[in-house]
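Working notes, structure below.
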Amino acid sequence: MNILHRFANPTRFQRLSKKIEPWVLVLMLLTMGSGLYFALFSSPVDYQQGHTVRIMYIHVPAAWMALFCYTAMAIAAAISLIWKHGLADIAVKATAPIGAAFTFLALVTGSLWGKPMWGTWWVWDARLTSVLVLFFLYLGYMALRDAFDDPARGAKSSAILVLVGFVNVPIIKFSVDWWNTLHQPASVIRMDGPTIHVDMLMPLLLMAFAFKFYYLWVMLVRIRQELMAQRIRALKHRQAIE
Amino acid sequence: MNDTNSILSMTEHGAYVWPTYGLAAVVLIGLVVLSLRALGRSRAELERIELETGRQRDEA
């Protein structure tokens, strides 16, 4: 916990963040650029799906990020509630719009993939419905976080919502095993290893890393902005008292 | 030329593939722009308030 509390200091965090951000940005641009090249031009066409397989390189990493961001939010929310760690609370707030954006992308790109492959834009099956619930959880968190005059109450109530909503994460992951769904089962994150060909796995992993670096970079920017916003509120409060 | 055309059209599937990449670009770049603009606004406001606070302290 000592390490966590060391970085709870806003000045120390901002100094570290400014050093890390350019490196994360470079890594994101490199992985994104190469990932897009392979995804759009160099990877093979699927013998059954044709070119629609290229939707996978956006859809699957976005869906992974939707789950990853919510898990990160749940861990940070728990740290914030248990140890009253201010930066953990800010990390939850900074992650929410990024997670919501990735969930939205996973839903819409899944729909764009579903139409030519399944013949329908949407079905109310377990995987699709549970991801839609995840999207509403992100929106609900953001609405609840700002619904209180007292920011501390908003942070606490919304952190509890994040923890309660975490029950949806394993439901999403295992929905394709527990229920009969139109959605295919996992083909990369499996106990017996990926079943996908390496020529398709490489761009998929490159895009997955690109989205991870994107998340890290945007989150650091948003945390710095929120720290500044908190300092502004504190200074205005002090001015009002004086 | 035919190769370029076939890459762009992706047979009949271009209508689904290109909107996927276009939407991802709009959403991800849009979030970056919003985040950087918010950071710029906060930085400017903080500098203004700190300058004001410093001036008030000097006058006192």
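In the structure tokens, each chain is lettered A, B, ... as it comes, each chain's residues begin at 1, and ligands are numbered from 1 in order of appearance.
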Determine, using only C-alpha atoms, which residues of chain A have any atom at most 10 Å from an atom of chain B, and tabulate each with its shortest atom pair and distance in Å to one decimal place, rows ordered by chain and then rising number, as JSON lines.
{"residue": "A:Leu36", "atom": "CA", "partner": "B:Tyr21", "partner_atom": "CA", "distance": 9.3}
{"residue": "A:Leu40", "atom": "CA", "partner": "B:Ile7", "partner_atom": "CA", "distance": 8.3}
{"residue": "A:Phe41", "atom": "CA", "partner": "B:Ile7", "partner_atom": "CA", "distance": 7.4}
{"residue": "A:Val45", "atom": "CA", "partner": "B:Met10", "partner_atom": "CA", "distance": 9.6}
{"residue": "A:Gln49", "atom": "CA", "partner": "B:His13", "partner_atom": "CA", "distance": 9.4}
{"residue": "A:Gly50", "atom": "CA", "partner": "B:His13", "partner_atom": "CA", "distance": 7.7}
{"residue": "A:His51", "atom": "CA", "partner": "B:Met10", "partner_atom": "CA", "distance": 5.9}
{"residue": "A:Thr52", "atom": "CA", "partner": "B:His13", "partner_atom": "CA", "distance": 6.0}
{"residue": "A:Val53", "atom": "CA", "partner": "B:Val17", "partner_atom": "CA", "distance": 8.5}
{"residue": "A:Arg54", "atom": "CA", "partner": "B:Val17", "partner_atom": "CA", "distance": 6.6}
{"residue": "A:Ile55", "atom": "CA", "partner": "B:Val17", "partner_atom": "CA", "distance": 5.7}
{"residue": "A:Met56", "atom": "CA", "partner": "B:Val17", "partner_atom": "CA", "distance": 9.5}
{"residue": "A:Tyr57", "atom": "CA", "partner": "B:Tyr21", "partner_atom": "CA", "distance": 9.4}
{"residue": "A:Ile58", "atom": "CA", "partner": "B:Tyr21", "partner_atom": "CA", "distance": 7.2}
{"residue": "A:His59", "atom": "CA", "partner": "B:Thr20", "partner_atom": "CA", "distance": 8.3}
{"residue": "A:Ala62", "atom": "CA", "partner": "B:Ala24", "partner_atom": "CA", "distance": 9.2}
{"residue": "A:Ala94", "atom": "CA", "partner": "B:Ser35", "partner_atom": "CA", "distance": 9.7}
{"residue": "A:Pro97", "atom": "CA", "partner": "B:Leu31", "partner_atom": "CA", "distance": 8.2}
{"residue": "A:Ile98", "atom": "CA", "partner": "B:Leu31", "partner_atom": "CA", "distance": 7.6}
{"residue": "A:Ala101", "atom": "CA", "partner": "B:Val27", "partner_atom": "CA", "distance": 6.7}
{"residue": "A:Phe102", "atom": "CA", "partner": "B:Leu28", "partner_atom": "CA", "distance": 8.5}
{"residue": "A:Phe104", "atom": "CA", "partner": "B:Val27", "partner_atom": "CA", "distance": 9.0}
{"residue": "A:Leu105", "atom": "CA", "partner": "B:Ala24", "partner_atom": "CA", "distance": 6.5}
{"residue": "A:Ala106", "atom": "CA", "partner": "B:Ala24", "partner_atom": "CA", "distance": 9.5}
{"residue": "A:Val108", "atom": "CA", "partner": "B:Thr20", "partner_atom": "CA", "distance": 8.0}
{"residue": "A:Thr109", "atom": "CA", "partner": "B:Thr20", "partner_atom": "CA", "distance": 5.6}
{"residue": "A:Gly110", "atom": "CA", "partner": "B:Thr20", "partner_atom": "CA", "distance": 9.1}
{"residue": "A:Ser111", "atom": "CA", "partner": "B:Tyr16", "partner_atom": "CA", "distance": 9.4}
{"residue": "A:Leu112", "atom": "CA", "partner": "B:Tyr16", "partner_atom": "CA", "distance": 5.6}
{"residue": "A:Trp113", "atom": "CA", "partner": "B:Tyr16", "partner_atom": "CA", "distance": 6.9}
{"residue": "A:Gly114", "atom": "CA", "partner": "B:Tyr16", "partner_atom": "CA", "distance": 9.6}
{"residue": "A:Lys115", "atom": "CA", "partner": "B:Tyr16", "partner_atom": "CA", "distance": 8.4}
{"residue": "A:Pro116", "atom": "CA", "partner": "B:His13", "partner_atom": "CA", "distance": 7.7}
{"residue": "A:Phe211", "atom": "CA", "partner": "B:Leu28", "partner_atom": "CA", "distance": 9.5}
{"residue": "A:Tyr214", "atom": "CA", "partner": "B:Leu28", "partner_atom": "CA", "distance": 8.6}
{"residue": "A:Tyr215", "atom": "CA", "partner": "B:Leu28", "partner_atom": "CA", "distance": 9.8}
{"residue": "A:Trp217", "atom": "CA", "partner": "B:Val32", "partner_atom": "CA", "distance": 9.3}
{"residue": "A:Val218", "atom": "CA", "partner": "B:Val32", "partner_atom": "CA", "distance": 6.6}
{"residue": "A:Met219", "atom": "CA", "partner": "B:Ser35", "partner_atom": "CA", "distance": 9.1}
{"residue": "A:Val221", "atom": "CA", "partner": "B:Ser35", "partner_atom": "CA", "distance": 6.9}
{"residue": "A:Arg222", "atom": "CA", "partner": "B:Ser35", "partner_atom": "CA", "distance": 6.1}
{"residue": "A:Ile223", "atom": "CA", "partner": "B:Leu39", "partner_atom": "CA", "distance": 9.4}
{"residue": "A:Arg224", "atom": "CA", "partner": "B:Leu39", "partner_atom": "CA", "distance": 7.4}
{"residue": "A:Gln225", "atom": "CA", "partner": "B:Leu39", "partner_atom": "CA", "distance": 4.7}
{"residue": "A:Glu226", "atom": "CA", "partner": "B:Leu39", "partner_atom": "CA", "distance": 8.2}
{"residue": "A:Leu227", "atom": "CA", "partner": "B:Ser42", "partner_atom": "CA", "distance": 9.3}
{"residue": "A:Met228", "atom": "CA", "partner": "B:Ser42", "partner_atom": "CA", "distance": 6.1}
{"residue": "A:Ala229", "atom": "CA", "partner": "B:Ser42", "partner_atom": "CA", "distance": 6.1}
{"residue": "A:Gln230", "atom": "CA", "partner": "B:Ser42", "partner_atom": "CA", "distance": 9.7}
{"residue": "A:Arg231", "atom": "CA", "partner": "B:Leu46", "partner_atom": "CA", "distance": 7.5}
{"residue": "A:Ile232", "atom": "CA", "partner": "B:Leu46", "partner_atom": "CA", "distance": 5.8}
{"residue": "A:Arg233", "atom": "CA", "partner": "B:Leu46", "partner_atom": "CA", "distance": 9.5}
{"residue": "A:Leu235", "atom": "CA", "partner": "B:Ile49", "partner_atom": "CA", "distance": 7.4}
{"residue": "A:Lys236", "atom": "CA", "partner": "B:Ile49", "partner_atom": "CA", "distance": 8.0}
{"residue": "A:Arg238", "atom": "CA", "partner": "B:Thr53", "partner_atom": "CA", "distance": 9.7}
{"residue": "A:Gln239", "atom": "CA", "partner": "B:Thr53", "partner_atom": "CA", "distance": 7.9}
- prompt: Leaving out Leu220 in chain A and any residue of its chain fewer than 4 positions from it, which residues lie within 8 Å of it when counting only C-alpha atoms, given as a PyMOL selection string?
  reply: chain A and resi 17+21+216+224
Mind writing the picked residues with C-alpha atoms as a PDB file, in the first residue's frame?
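Full text of again_32.pdb as output:
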ATOM      1  CA  SER A  17       2.703  10.957 -15.878  1.00  0.00           C
ATOM      2  CA  GLU A  21       2.852   9.865 -21.700  1.00  0.00           C
ATOM      3  CA  LEU A 216      -3.284   4.195 -20.860  1.00  0.00           C
ATOM      4  CA  ARG A 224      -4.068  15.090 -15.059  1.00  0.00           C
TER       5      ARG A 224
END
task: Find the distance between CA of Val162 in chain A and CA of Val26 in chain B and write it in Å to one decimal.
output: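 Distance reported for this atom pair: 27.1 Å.
Separating CA of Thr195 in chain A from CA of Thr103 in chain A is a distance of 24.4 Å.
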task: Determine which residues of range 16-210 of chain A receive a DSSP assignment of alpha helix (DSSP H), computed from the backbone, and state them as an MDAnalysis selection string.
output: chainID A and resid 16:37 56:83 86:118 126:145 151:165 168:178 198:210
- prompt: Between A:Tyr70, A:Pro194, A:Leu107, A:Ala210, which is the closest to Tyr141 in chain A once you count only C-alpha atoms?
  reply: A:Tyr70
query: Neighbours of Asp125 in chain A within 8 Å (only C-alpha atoms; same-chain residues fewer than 4 positions away dropped), as JSON, numbers by chain?
result: {"A": [129, 181, 182]}
Residues from last step as file, N, CA and C atoms, as a PDB file, in the first residue's frame:
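Printed below is part_4.pdb as written:
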ATOM      1  N   THR A 129     -26.706  -9.123 -25.166  1.00  0.00           N
ATOM      2  CA  THR A 129     -27.496  -8.417 -24.157  1.00  0.00           C
ATOM      3  C   THR A 129     -26.631  -8.043 -22.953  1.00  0.00           C
ATOM      4  N   THR A 181     -25.904 -19.410 -27.825  1.00  0.00           N
ATOM      5  CA  THR A 181     -25.981 -18.070 -28.409  1.00  0.00           C
ATOM      6  C   THR A 181     -25.552 -18.127 -29.875  1.00  0.00           C
ATOM      7  N   LEU A 182     -25.926 -17.078 -30.591  1.00  0.00           N
ATOM      8  CA  LEU A 182     -25.514 -16.955 -31.983  1.00  0.00           C
ATOM      9  C   LEU A 182     -24.028 -16.607 -32.056  1.00  0.00           C
TER      10      LEU A 182
END
task: Tell me, in Å to one decimal, how far CA of Asp150 in chain A is from CA of Ala234 in chain A.
output: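 About the pair CA of Asp150 in chain A and CA of Ala234 in chain A: they are 13.2 Å apart.
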field: Selected residue of minimal separation from Val167 in chain A among A:Ala74, A:Leu128, A:Ala88, A:Ile79, counting only C-alpha atoms
entry: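 Closest to Val167 in chain A, using only C-alpha atoms: A:Ala74.
Residues surrounding Ala208 in chain A within 9 Å are Thr31, Met32, Gly35, Tyr57, Ile58, Val60, Pro61, Ala62, Trp64, Met65, Pro203, Leu204, Leu205, Phe211, Lys212 and Phe213 of chain A [only C-alpha atoms; sequence separation below 3 positions excluded].
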